[in-house]
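Visitor: What follows is the file final31.csv, containing CSV, C-alpha atoms:
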```csv
chain,number,residue,atom,x,y,z
A,1,MET,CA,142.4,107.4,116.9
A,2,ASN,CA,142.9,106.4,113.3
A,3,THR,CA,142.1,109.0,110.7
A,4,PRO,CA,139.4,107.7,108.3
A,5,THR,CA,140.3,107.4,104.7
A,6,PRO,CA,138.4,109.6,102.2
A,7,ARG,CA,136.4,106.6,101.1
A,8,THR,CA,135.5,105.6,104.6
A,9,GLN,CA,134.5,109.2,105.4
A,10,HIS,CA,132.2,109.2,102.4
A,11,ILE,CA,130.5,106.0,103.6
A,12,THR,CA,130.2,107.4,107.1
A,13,ASP,CA,128.6,110.6,105.7
A,14,ALA,CA,126.3,108.6,103.4
A,15,ALA,CA,125.1,106.5,106.3
A,16,ARG,CA,124.5,109.6,108.4
A,17,LEU,CA,122.3,111.0,105.6
A,18,VAL,CA,120.3,107.8,105.5
A,19,ARG,CA,119.9,108.0,109.3
A,20,TYR,CA,118.5,111.6,108.9
A,21,ALA,CA,116.1,110.2,106.2
A,22,CYS,CA,114.7,107.7,108.8
A,23,GLN,CA,113.7,110.7,111.0
A,24,PRO,CA,110.9,112.1,108.8
A,25,ARG,CA,110.2,115.2,110.9
A,26,ARG,CA,113.8,116.3,110.7
A,27,LYS,CA,114.4,118.9,108.0
A,28,PRO,CA,117.6,120.4,106.4
A,29,LEU,CA,116.5,123.9,107.1
A,30,GLY,CA,118.3,125.0,110.3
A,31,ASP,CA,120.4,121.8,110.3
A,32,ALA,CA,123.7,122.6,108.6
A,33,ASP,CA,125.0,119.0,108.6
A,34,TYR,CA,121.8,117.6,107.1
A,35,HIS,CA,121.6,120.5,104.5
A,36,ASP,CA,125.2,119.9,103.4
A,37,LEU,CA,124.7,116.2,103.0
A,38,VAL,CA,121.5,116.7,101.0
A,39,GLU,CA,123.3,119.1,98.7
A,40,ARG,CA,126.2,116.6,98.2
A,41,TYR,CA,123.6,113.9,97.3
A,42,ARG,CA,122.1,116.3,94.7
A,43,SER,CA,125.4,117.4,93.2
A,44,SER,CA,127.8,114.4,93.5
A,45,PRO,CA,126.9,111.2,91.5
A,46,ALA,CA,129.6,109.3,93.5
A,47,PHE,CA,128.2,110.2,96.8
A,48,ARG,CA,124.7,109.6,95.6
A,49,GLU,CA,125.7,106.1,94.6
A,50,ILE,CA,127.0,105.3,98.1
A,51,VAL,CA,123.9,106.7,99.7
A,52,ASP,CA,121.6,104.7,97.4
A,53,ALA,CA,123.6,101.5,98.1
A,54,ILE,CA,123.3,101.9,101.9
A,55,ALA,CA,119.6,102.6,101.6
A,56,GLU,CA,119.1,99.6,99.4
A,57,GLY,CA,121.0,97.4,102.0
A,58,MET,CA,118.5,98.7,104.6
A,59,SER,CA,115.5,97.8,102.3
A,60,LEU,CA,114.9,101.5,101.6
A,61,HIS,CA,114.3,103.2,98.3
A,62,VAL,CA,115.3,106.9,97.9
A,63,ILE,CA,112.4,108.8,96.4
A,64,THR,CA,114.0,112.2,96.2
A,65,ALA,CA,116.4,114.6,97.9
A,66,HIS,CA,114.7,117.9,98.5
A,67,SER,CA,116.6,121.0,99.6
A,68,GLU,CA,113.8,121.9,102.2
A,69,GLU,CA,112.3,118.5,103.1
A,70,GLY,CA,115.5,116.4,103.0
A,71,LEU,CA,116.1,112.9,101.8
A,72,ARG,CA,112.8,111.1,101.4
A,73,VAL,CA,112.8,107.3,101.4
A,74,SER,CA,110.1,104.5,101.2
A,75,ALA,CA,110.5,101.2,102.9
A,76,ALA,CA,110.3,97.8,101.1
A,77,THR,CA,107.5,95.5,102.2
A,78,GLY,CA,108.8,93.3,105.0
A,79,GLY,CA,111.9,95.4,105.6
A,80,LEU,CA,113.0,96.7,109.0
A,81,PHE,CA,111.5,100.1,108.3
A,82,ALA,CA,108.3,98.9,106.7
A,83,PHE,CA,105.1,100.4,108.0
A,84,LYS,CA,103.2,98.1,110.4
A,85,LEU,CA,99.7,98.3,111.8
A,86,ALA,CA,101.3,98.6,115.3
A,87,ASP,CA,102.8,101.9,114.1
A,88,LEU,CA,99.4,103.5,114.0
A,89,PRO,CA,98.0,105.2,117.1
A,90,ALA,CA,95.9,102.7,119.1
A,91,LYS,CA,92.6,104.4,118.2
A,92,MET,CA,93.2,103.7,114.5
A,93,ARG,CA,94.0,100.0,114.9
A,94,ASP,CA,90.4,98.8,115.6
A,95,PRO,CA,89.5,96.5,112.7
A,96,LYS,CA,86.0,98.1,112.3
A,97,ASP,CA,87.6,101.6,112.1
A,98,ARG,CA,90.6,100.7,110.0
A,99,LEU,CA,88.8,101.0,106.6
A,100,VAL,CA,87.2,104.3,107.7
A,101,TYR,CA,90.7,105.8,108.4
A,102,GLY,CA,91.9,104.3,105.1
A,103,LEU,CA,89.0,106.0,103.3
A,104,ILE,CA,89.9,109.3,104.9
A,105,HIS,CA,93.6,108.9,104.1
A,106,VAL,CA,92.9,108.3,100.4
A,107,ALA,CA,90.3,111.0,100.3
A,108,ILE,CA,92.8,113.6,101.6
A,109,ALA,CA,95.3,112.5,98.9
A,110,ALA,CA,92.6,112.6,96.1
A,111,HIS,CA,91.3,116.0,97.3
A,112,ALA,CA,94.8,117.5,97.2
A,113,TYR,CA,96.1,115.8,94.0
A,114,PRO,CA,93.1,115.0,91.7
A,115,THR,CA,95.2,115.2,88.5
A,116,ALA,CA,98.5,113.9,87.1
A,117,ALA,CA,99.6,117.6,86.9
A,118,ASP,CA,99.0,118.1,90.6
A,119,LEU,CA,101.2,115.1,91.4
A,120,GLU,CA,104.0,116.5,89.2
A,121,GLU,CA,103.8,120.1,90.5
A,122,GLU,CA,106.1,120.8,93.5
A,123,THR,CA,103.8,122.9,95.6
A,124,ILE,CA,102.5,122.7,99.1
A,125,LYS,CA,98.8,122.0,99.3
A,126,ARG,CA,96.5,123.5,101.9
A,127,VAL,CA,93.6,121.3,103.2
A,128,SER,CA,91.1,121.9,105.9
A,129,VAL,CA,89.4,119.3,108.1
A,130,LYS,CA,85.9,120.6,107.1
A,131,GLU,CA,86.7,120.5,103.4
A,132,ILE,CA,87.8,116.9,103.6
A,133,ASP,CA,84.7,115.9,105.5
A,134,ALA,CA,82.5,117.5,102.9
A,135,PHE,CA,84.4,115.7,100.2
A,136,VAL,CA,84.2,112.3,101.9
A,137,ARG,CA,80.4,112.7,102.3
A,138,HIS,CA,80.1,113.8,98.6
A,139,LEU,CA,82.3,110.8,97.6
A,140,ILE,CA,80.0,108.4,99.5
A,141,HIS,CA,76.9,109.8,97.8
A,142,ARG,CA,78.5,109.5,94.4
A,143,LEU,CA,79.7,106.0,94.9
A,144,ARG,CA,76.3,104.9,96.0
A,145,GLU,CA,74.8,106.6,92.9
A,146,ASP,CA,77.3,104.7,90.7
A,147,GLY,CA,76.2,101.5,92.2
A,148,GLU,CA,77.3,99.8,95.4
A,149,ASP,CA,78.5,96.8,93.4
A,150,ASP,CA,81.4,98.9,92.0
A,151,ALA,CA,84.6,97.2,93.2
A,152,GLY,CA,86.8,100.0,92.0
A,153,LEU,CA,87.1,101.6,95.4
A,154,LEU,CA,88.2,98.6,97.5
A,155,PRO,CA,88.8,94.9,96.7
A,156,ALA,CA,86.0,93.8,99.1
A,157,VAL,CA,82.6,95.4,98.2
A,158,ALA,CA,81.1,94.5,101.6
A,159,ALA,CA,84.1,96.1,103.4
A,160,ALA,CA,83.7,99.2,101.3
A,161,ARG,CA,80.0,99.4,102.0
A,162,ALA,CA,80.7,99.0,105.7
A,163,ALA,CA,83.3,101.9,105.6
A,164,TRP,CA,80.8,104.2,103.8
A,165,ASN,CA,78.0,103.4,106.2
A,166,THR,CA,80.2,103.8,109.3
A,167,TYR,CA,81.5,107.2,108.1
A,168,ASP,CA,78.0,108.4,107.0
A,169,ALA,CA,76.6,107.7,110.5
A,170,LEU,CA,79.3,109.8,112.2
A,171,SER,CA,78.3,113.1,113.6
A,172,PRO,CA,80.6,115.8,112.0
A,173,HIS,CA,80.8,118.1,115.0
A,174,ARG,CA,80.3,116.0,118.1
A,175,LEU,CA,82.0,117.6,121.1
A,176,THR,CA,83.4,116.2,124.4
A,177,LYS,CA,82.2,117.4,127.8
A,178,THR,CA,85.0,120.0,127.8
A,179,GLY,CA,83.9,121.4,124.5
A,180,GLN,CA,86.7,119.8,122.4
A,181,LEU,CA,86.1,118.1,119.1
A,182,ALA,CA,85.4,114.5,119.8
A,183,ALA,CA,87.7,111.9,118.3
A,184,SER,CA,84.6,109.8,117.4
A,185,SER,CA,83.2,112.6,115.2
A,186,SER,CA,84.0,112.6,111.5
A,187,LEU,CA,85.9,115.9,111.8
A,188,GLY,CA,87.8,114.4,114.8
A,189,ARG,CA,88.8,111.3,112.8
A,190,ILE,CA,90.1,113.5,109.9
A,191,LYS,CA,92.0,115.6,112.3
A,192,SER,CA,93.6,112.4,113.7
A,193,ILE,CA,94.8,111.4,110.3
A,194,LEU,CA,96.2,114.8,109.5
A,195,ASP,CA,97.9,115.0,113.0
A,196,TRP,CA,99.4,111.6,112.3
A,197,LEU,CA,100.7,112.9,108.9
A,198,VAL,CA,102.3,115.8,110.8
A,199,LEU,CA,104.1,113.3,113.1
A,200,GLN,CA,105.3,111.4,110.0
A,201,GLY,CA,106.8,114.5,108.5
A,202,TYR,CA,104.2,114.7,105.6
A,203,ALA,CA,102.2,117.7,106.8
A,204,GLN,CA,102.3,120.8,108.9
A,205,GLN,CA,99.6,122.5,111.0
A,206,ALA,CA,98.7,125.9,109.5
A,207,LYS,CA,97.6,127.4,112.8
A,208,ALA,CA,97.7,131.0,111.4
A,209,LEU,CA,94.8,130.0,109.1
A,210,GLY,CA,92.8,128.2,111.8
A,211,PRO,CA,92.8,125.3,114.2
A,212,PHE,CA,91.7,122.8,111.6
A,213,GLU,CA,93.9,123.9,108.7
A,214,TYR,CA,97.0,122.0,107.4
A,215,ARG,CA,99.6,122.0,104.7
A,216,LEU,CA,100.5,118.9,102.9
A,217,LEU,CA,104.3,118.8,102.1
A,218,ASN,CA,106.0,117.6,98.9
A,219,SER,CA,107.0,114.4,100.8
A,220,PHE,CA,103.3,113.5,101.0
A,221,ARG,CA,102.8,114.2,97.3
A,222,LEU,CA,105.7,111.9,96.4
A,223,GLN,CA,104.2,109.1,98.5
A,224,VAL,CA,100.8,109.6,96.9
A,225,ALA,CA,102.4,109.5,93.4
A,226,GLY,CA,103.6,106.0,94.2
A,227,ALA,CA,100.0,104.8,94.6
A,228,ALA,CA,98.4,106.9,92.0
A,229,ALA,CA,97.9,104.0,89.6
A,230,LEU,CA,95.8,102.0,92.1
A,231,PRO,CA,92.1,101.6,91.1
A,232,ALA,CA,91.0,103.0,94.4
A,233,PHE,CA,92.9,106.2,94.0
A,234,GLN,CA,91.8,106.6,90.4
A,235,LYS,CA,88.1,106.1,91.3
A,236,ILE,CA,88.2,108.7,94.0
A,237,THR,CA,90.1,111.3,91.9
A,238,ASP,CA,87.5,110.9,89.2
A,239,VAL,CA,84.9,111.9,91.7
A,240,ARG,CA,87.1,114.8,92.9
A,241,ARG,CA,87.7,116.1,89.4
A,242,GLN,CA,83.9,116.0,88.6
A,243,GLN,CA,83.2,117.8,91.9
A,244,THR,CA,85.6,120.6,91.0
A,245,ALA,CA,84.2,120.9,87.5
A,246,ASP,CA,80.6,121.1,88.9
A,247,THR,CA,81.7,123.8,91.4
A,248,ASN,CA,83.4,125.8,88.7
A,249,HIS,CA,80.4,125.6,86.5
A,250,ARG,CA,78.0,126.8,89.2
A,251,ASP,CA,80.4,129.7,90.1
A,252,ALA,CA,80.5,130.7,86.4
A,253,VAL,CA,76.7,130.6,86.1
A,254,ALA,CA,76.4,132.6,89.3
A,255,GLU,CA,78.7,135.3,87.9
A,256,GLU,CA,76.8,135.5,84.7
A,257,ASN,CA,73.5,136.0,86.6
```
For this file, write the structure as structure tokens.

Guide:
Amino acid sequence: MNTPTPRTQHITDAARLVRYACQPRRKPLGDADYHDLVERYRSSPAFREIVDAIAEGMSLHVITAHSEEGLRVSAATGGLFAFKLADLPAKMRDPKDRLVYGLIHVAIAAHAYPTAADLEEETIKRVSVKEIDAFVRHLIHRLREDGEDDAGLLPAVAAARAAWNTYDALSPHRLTKTGQLAASSSLGRIKSILDWLVLQGYAQQAKALGPFEYRLLNSFRLQVAGAAALPAFQKITDVRRQQTADTNHRDAVAEEN
């Protein structure tokens, strides 16, 4: 067997790091090889250049290299690793439900990162299924108050209205015959999205805090940051910031009384 040259070994190592990045649930913690490669990326400009070049050749963009969460990449539209509708669980692909799941997804992001400072701060955010449900229902109420002709949420007003109405009609706590949370309930749909984020390596279940508690990882924050300038996200974060301000005001008044 031929011994690889130092340059060839660097390329092999860089390609292995990109391969790890394509396995979002894999983390450097407890994986010595992955950990060492991430640290090389962070400390060696020459190695970083090779990794970035390999990623670019695969239509990937390196977002960051995190010591705990690993090398995080995003896929270019149309590339081999680009997200496709077929990648979603079957229950999320139905055209009439897609906008509802999209609304939930954006609401989770806005609830966790309502300000620019939140998107810059490297912290793990805790979210609960019930908190997200309450926020989505509050969001729908506020958007209707602001006028259903507001196109800031989604490009198609009719589609936006359909998503609001569909979600609003969902029972929050509908149970199956076995007593489990039904996937057709609003809480069940939120849980489906959060469970999917866990599978994608963007979240973790926080079972010690309860069955419907989750932690959003920095990798999710970085993905959200890439879409923060979109009108839909800005509209929903406006509602979230006002909700927080109103809650803080009520708490302050209650303490004074």

Visitor: Could you check the closest approach to Ala55 (chain A) for each of A:Ala112, A:Leu103, A:Ala75, A:Ala232 and tell me which residue wins, using all atoms listed in the file?

Guide: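 Ranking A:Ala112, A:Leu103, A:Ala75, A:Ala232 by distance to Ala55 (chain A), first place goes to A:Ala75.
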
Visitor: At what distance in Å, to one decimal, does CA of Ile190 (chain A) lie from CA of Gly210 (chain A)?

Guide: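 Computing it gives 15.1 Å between the two atoms.
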
Visitor: Between A:Leu37, A:Ile104, A:Ala116, A:Ala203, which has the minimum distance to Glu131 (chain A) (counting only C-alpha atoms)?

Guide: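 When distances to Glu131 (chain A) are compared using only C-alpha atoms, the smallest one comes from A:Ile104.
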
Visitor: Could you tell me how far CA of Leu60 (chain A) lies from CA of Val106 (chain A), in Å and to one decimal?

Guide: 23.1 Å

Visitor: List the spatial neighbours of Ser185 (chain A) as a VMD selection string - criterion: any atom at most 7 Å away, all atoms listed in the file, same-chain residues fewer than 5 positions off excluded.

Guide: chain A and resid 170 to 174

Visitor: Please indicate the distance in Å from CA of Gly70 (chain A) to CA of Lys27 (chain A), rounded to one decimal place.

Guide: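 Value for the CA of Gly70 (chain A)-CA of Lys27 (chain A) distance: 5.7 Å.
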
Visitor: With only C-alpha atoms as the counted atoms, please give the residues lying no more than 12 Å from region 46-49 of chain A, apart from itself and same-chain residues fewer than 5 positions off, as a list in words.

Guide: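 Residues meeting the cut-off are Pro6, Arg7, Thr8, Gln9, His10, Ile11, Thr12, Asp13, Ala14, Ala15, Leu17, Val18, Leu37, Val38, Glu39, Arg40, Tyr41, Ile54, Ala55, Glu56, Val62, Thr64, Ala65 and Leu71 of chain A.
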
Visitor: Mind checking which residues fall within 6 Å of Gln204 (chain A), counting only C-alpha atoms, ignoring those fewer than 2 positions away in the same chain, and posting them as a count of residues only?

Guide: 3
